[in-house]
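Below is one structure, written out as structure tokens; comments come after it.
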Amino acid sequence: MEVIMEALPALGDAWGLILQPVVLGYLVMGVVMGLCIGVFPGLGGIAGLSLLLPFMFGMEPVLGLALMIGMVAVVPTSDTFASVLMGIPGSSASQATVLDGFPMAKKGMAARALSAAFASSLFGGLVGASFLTVFILIARPIVLEFRTPELLMITIFGLSMVGILAGRVAIKGIVAAGLGMLVGTIGEGASSGDLRMSTYDFPYLTDGLKLVIIGLGIFAIPEIISLLRQDRAISQEPQLGGGWIDGVKDWFANIWLSVRCSIIGVVVGVIPGLGGSVVDWIAYGHAVQTTKDKSKFGNGEVRGVIGPESSNNAKEGGGLVPTLLFGIPGSGSMAIFIGAIALLGSGQIEVGPAMLKNNLDITYSIVWLLALANVVGTIICIAASGGIAKLTTIRFALLAPFLFMIISFAAFQSGQNLMDLVALFAIGFLGILMRRFDWSRPAFLIGFVLSNPAETYANQAVQLAQSQFRKSFGDGMDYIFSPIVIVLVIITVISVVLGLRQAKNILAEGDVQSGSKRAPFVFMLIITGYIAYAFYDAASIPSYSRDRVFPMFVAGVCLVGCAFLIIRMILKPETDTIFADRERNGEDADATHGLWSTLAWFAALLILTALFGFIIALAVFLFSFMKIRAAVSTFYATIYTVAGIIFMLGMAWLLNRDFPPGLLQEYADLPWPFT
Amino acid sequence: MSILKTTRRVAVGLVAAAAATFAIEAKAGGHGIDLAGKTVEWIIPFSETGGSAKWANFYAPLLSEALPGQPTVVVKFMPGAGSTKGANFFQEQEYEDGTLIFGSSGSTQFPFLLGDPRVKYNYADWNVVLASGTGGVAYLTPEGAAKMDGMDATPLQGEDFVYGNQGATRLDLVPTLAWEMLGLNVESVMGIKGRGDGRLMFERGEATIDYQTSSSYLSGVTPLVEAGTAVPMMTWGSLDDAGNIVRDPTFPDIPTFKEICDATPACETSGEKWDAWKAFFIAGFPAQKMVFLPAGAPNDAIVTYTKAFEAVKARADFAEISGKRLGKYPQMTGDAAKKALDSGTNVSPAAKDFVVNWLQEKYGVSLK
């Protein structure tokens, strides 16, 4: 009671601070900037906040907060555009949205999917803020209850979502997730810095592959290539059905799902260390499990959009708890946010354990600014969704080069290395093959995202438990089997059992016909070969290092799975589901253009970049693509190229980013943007 | 490729020589460089989220005001390979017009000192214009601290401590080596992503000993000390002009490791181990973060930047705004910065060998 008596005046003060016209003005400004940046995949809040940093110095605190929060809050809202319209996961917050949002767009229901997503985002943001207003007062001791074993269990729970997304052949889904985890272990180990699947002679891989590249490669590239081959618009229907009002109605019909997923979002967001990477998958899993007719998931089930989108904005609110109360950022953008807060005013706001005591009014201002920014951002987005949805009716050949440009730029920003583009191409190729042979790409992505936390927490939990057991057996047992862990174990087991039972009905990527034996079998052998090599590579790390344990374990499990699959492939006839092959039947088989010629265009962009640098390569690529592949007039192609280049330069100039240099730049010193 | 590199190195050499000649001429004239209308890129070899980012973001707007012509100063992040990627990149750059500077950190210095195979950079080639110091504080649980016999840490030797470690070869080697010298049995739990995670582990009761750099200690641990859940054990101290370790001015009431070590019979403040510790302490803390101009920078440019940083330091409100964000530590320019660079990037071969062997024996980390 006492706490609440203290909190109410602070809450009043907070609203007093927020509801000034100038503060609201700054908030709207931040929101608009955030929307503009969030639309582009792979940049997200980090780029936006870095842009604002120079202005934060000595700024009136509440104004600076309004500007920054306005920007951060709407990134998970606006990245929905890319996820739904293009099938490009804009950030880790909207990966699960792609699964059902993009199929809806293909069916001509883009506006409906978007507005359902935005309504959910808005609602999630508000639920999150309300929940936080009370919860933040008691959060500290609760958060401290989440020790390493609990964190490990949440990670495992997140991984159990693979069960739902595994596809028709469960073992195949598990191997896909394991492969994702192995790809996630590439590079220096967290424990003693031993190298996995990489060498110092080739430094690029020692830092591991970035999520942006994996997300774009696994999801975006296969979809872009596939649409491009069919040479049509994204939407199969010439007339767009389902306006934005339908989307809002869809959301309202599923309001309880939205409430539950918002709570999931805020609770998982609160736990430091996991950040938001699992939230949307858990929410998606929850949406699937609570839907009676599961057959529509993956084909444009609106609940598959509402679930993750309700959770990802609520998560931003939850993420404020570790950020403000512990001074530990839940994400990259939150880390910059902390740094920027120190620059505000005379530096009187100090995030960390003293925040609640000294700055409760500021804390509440932050929570409700976040909620308010969601409202403003959502209204703008819903208003825009009908118009932007028309993009799905444009002939895709006109959009594709632009998308290649954006994703190449985004991928390059992750490591500022030409190798980023090579990695994007390689992962994209893997994604194309996984899509073709019906290997679960969501499972792969979940494995990748959770590989790092799973390994770190597993190693730490083992070590910490050993030290507890050395004290006494009782201490050790208490440490491992806390009530939270036991509850999480039960939830996970139920979710896995249910998930595997239902997985056959959930075709997250649509139905795929089976065809001949040879191609799926060859792909299977290649995957097995990589896993076997990863096992051998990890095993060659000296045995005292903890860095070998996790990849060896995962690769070991996967190899057993591979063995089962290979045996099944040998025994079963070629009509078995295990031989799924998209090239045999359906859209891909009937496509106008071949896979290789389409992929060659992207490869050409890559090779040209390696030779002449990104901007020159881009000019050549845009023009020739328009002229040859899209067969438009020279005049139109020129306009398109110029507009594309100007757009790219504007973005890079604004965000102060460089472009990938090529061989030419090694010899000649060119002025920006050709450097 | 190798031919290309050689050509480039020759070119760099020529440019450097030309620049040096130019520098001598320019010095006679005594003009500074003018950066009006230009954009200064400040490369930070870490991500946007670390302590170096905080430090650079603090200085960038002040530097912009103080440089002649008020250029825009942008901080550019180039993370990778624990900062060796950005540093290797900077090594390849040649001076052009003074619009490129680099910020290094203790995490850039340690691999350099330890002979990490990835290091292709050499501090001796660069021109230091600012050196920022910091300190560090180790702290214990109240139960652990109660066992201390005044400054004598001997009663702690029977205890088992757990410490969240960022990496054996990182700044964390300063505290872990210090604790080992005191005879403490500290088990390192690896894979911590930042010192903030280490503090969280301490708060959750999983770790029982921890350390933070000064600014993080002030914001993150002081409230715990006030609440009675953490007790400071010692600071690493700070260096006086003669190079002696004295009490940290930010924490005058907390004894230094040197004092604790003196009071603990098992620990010695002389000899190979102590020298190694002190060398790496100096590299990691009093000369932790530095700003450099690239190889071949003319004296003019160095003087311009030095003056700019001096102007920043001379601001009436500098003590106030920097105290909260950087702690009360010397921000050195000119000869003081050169001296800091010297002591921060040179350790005796004996100290290096000792630490390399110690890392090999204790953690199995091979630096060959």
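Chain labels follow the order of the structure tokens: the first chain is A, the next B, and so on; residue numbering restarts at 1 in every chain, and ligands are counted from 1 in their shown order.
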Selection: 6 Å around stretch 9-14 of chain A, only C-alpha atoms, excl. self and same-chain fewer than 6 positions, as a ChimeraX atom specification: /A:361,364-365
Hey, can you spit out that residue selection with N, CA and C atoms as a JSON list (two decimals), in the first residue's frame?
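So the final result, stored in selection-v7.json, reads:
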[["chain", "number", "residue", "atom", "x", "y", "z"],
["A", 361, "ASP", "N", 9.16, 9.73, -11.15],
["A", 361, "ASP", "CA", 8.34, 10.47, -12.11],
["A", 361, "ASP", "C", 8.88, 10.32, -13.53],
["A", 364, "TYR", "N", 8.04, 6.85, -14.85],
["A", 364, "TYR", "CA", 6.67, 6.78, -15.34],
["A", 364, "TYR", "C", 6.49, 7.56, -16.63],
["A", 365, "SER", "N", 7.19, 8.69, -16.74],
["A", 365, "SER", "CA", 7.12, 9.43, -18.00],
["A", 365, "SER", "C", 7.58, 8.55, -19.14]]
Residues of chain B within 9 Å of chain A, counting only C-alpha atoms, as a ChimeraX atom specification: /B:4,47-51,53-54,57-58,60-61,73-76,78-82,85,117-118,160,162,166-168,187,189-193,196-197,200-201,203-207,219-224,320-321,324-325,363-365
For stretch 147-159 of chain B: contacts at 8 Å, only C-alpha atoms, fewer than 6 positions along chain excluded, given as a list of chain:residue names: B:Leu182, B:Gly183, B:Leu184, B:Asn185, B:Glu259, B:Ile260, B:Cys261, B:Ala263, B:Thr264, B:Pro265, B:Ala266
Nearest candidate to A:Thr185 (options A:Gly447, A:Pro660, A:Gly16, A:Pro551; using only C-alpha atoms):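 Using only C-alpha atoms, the shortest distance to A:Thr185 belongs to A:Pro551.
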Among the residues B:Ala131, B:Ser107, B:Ala138, B:Asp34, the one that comes closest to B:Ala66 [using only C-alpha atoms]: B:Asp34
Closest of A:Leu114, A:Leu488, A:Val422, A:Ala287 to A:Phe157 - atom-to-atom distances counting only C-alpha atoms: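 Once distances to A:Phe157 are computed over only C-alpha atoms, the minimum belongs to A:Leu488.
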Residue with smallest distance to B:Val303 - pool B:Asn127, B:Thr176, B:Gln288, B:Asn88, counting only C-alpha atoms: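 Between B:Asn127, B:Thr176, B:Gln288, B:Asn88, the residue approaching B:Val303 most closely is B:Asn127.
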Test item, alpha helix (DSSP H) assignment across stretch 237-278 of chain B, answer as a list in words: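 Those residues are Phe257, Lys258, Glu259, Ile260, Cys261, Asp262, Ala263, Gly271, Glu272, Lys273, Trp274, Asp275, Ala276, Trp277 and Lys278 of chain B.
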Output N, CA and C atoms of each residue in that selection to a file, as a short mmCIF file (atom, residue, chain, number, x, y, z; two decimals), in the first residue's frame.
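New file again_0.cif:
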data_model
loop_
_atom_site.label_atom_id
_atom_site.label_comp_id
_atom_site.auth_asym_id
_atom_site.auth_seq_id
_atom_site.Cartn_x
_atom_site.Cartn_y
_atom_site.Cartn_z
N PHE B 257 44.24 -1.79 -3.71
CA PHE B 257 44.73 -3.17 -3.72
C PHE B 257 46.12 -3.22 -3.10
N LYS B 258 46.91 -2.17 -3.33
CA LYS B 258 48.27 -2.17 -2.80
C LYS B 258 48.25 -2.24 -1.28
N GLU B 259 47.34 -1.46 -0.67
CA GLU B 259 47.24 -1.47 0.79
C GLU B 259 46.79 -2.84 1.30
N ILE B 260 45.76 -3.40 0.62
CA ILE B 260 45.26 -4.72 1.02
C ILE B 260 46.36 -5.76 0.88
N CYS B 261 47.08 -5.66 -0.23
CA CYS B 261 48.15 -6.63 -0.49
C CYS B 261 49.23 -6.52 0.57
N ASP B 262 49.58 -5.27 0.95
CA ASP B 262 50.58 -5.06 1.99
C ASP B 262 50.16 -5.69 3.31
N ALA B 263 48.85 -5.61 3.59
CA ALA B 263 48.37 -6.09 4.88
C ALA B 263 48.14 -7.60 4.88
N GLY B 271 58.32 -7.85 -6.84
CA GLY B 271 58.57 -9.11 -7.53
C GLY B 271 57.81 -9.20 -8.84
N GLU B 272 58.02 -10.33 -9.50
CA GLU B 272 57.53 -10.56 -10.85
C GLU B 272 56.00 -10.40 -10.96
N LYS B 273 55.29 -11.04 -10.00
CA LYS B 273 53.85 -11.03 -10.07
C LYS B 273 53.30 -9.61 -9.92
N TRP B 274 53.81 -8.91 -8.93
CA TRP B 274 53.36 -7.54 -8.69
C TRP B 274 53.66 -6.65 -9.89
N ASP B 275 54.86 -6.78 -10.44
CA ASP B 275 55.22 -5.96 -11.59
C ASP B 275 54.29 -6.22 -12.76
N ALA B 276 53.96 -7.50 -12.96
CA ALA B 276 53.06 -7.84 -14.05
C ALA B 276 51.68 -7.23 -13.80
N TRP B 277 51.20 -7.39 -12.58
CA TRP B 277 49.88 -6.83 -12.27
C TRP B 277 49.87 -5.33 -12.51
N LYS B 278 50.91 -4.66 -11.98
CA LYS B 278 50.93 -3.21 -12.09
C LYS B 278 50.99 -2.76 -13.55
#
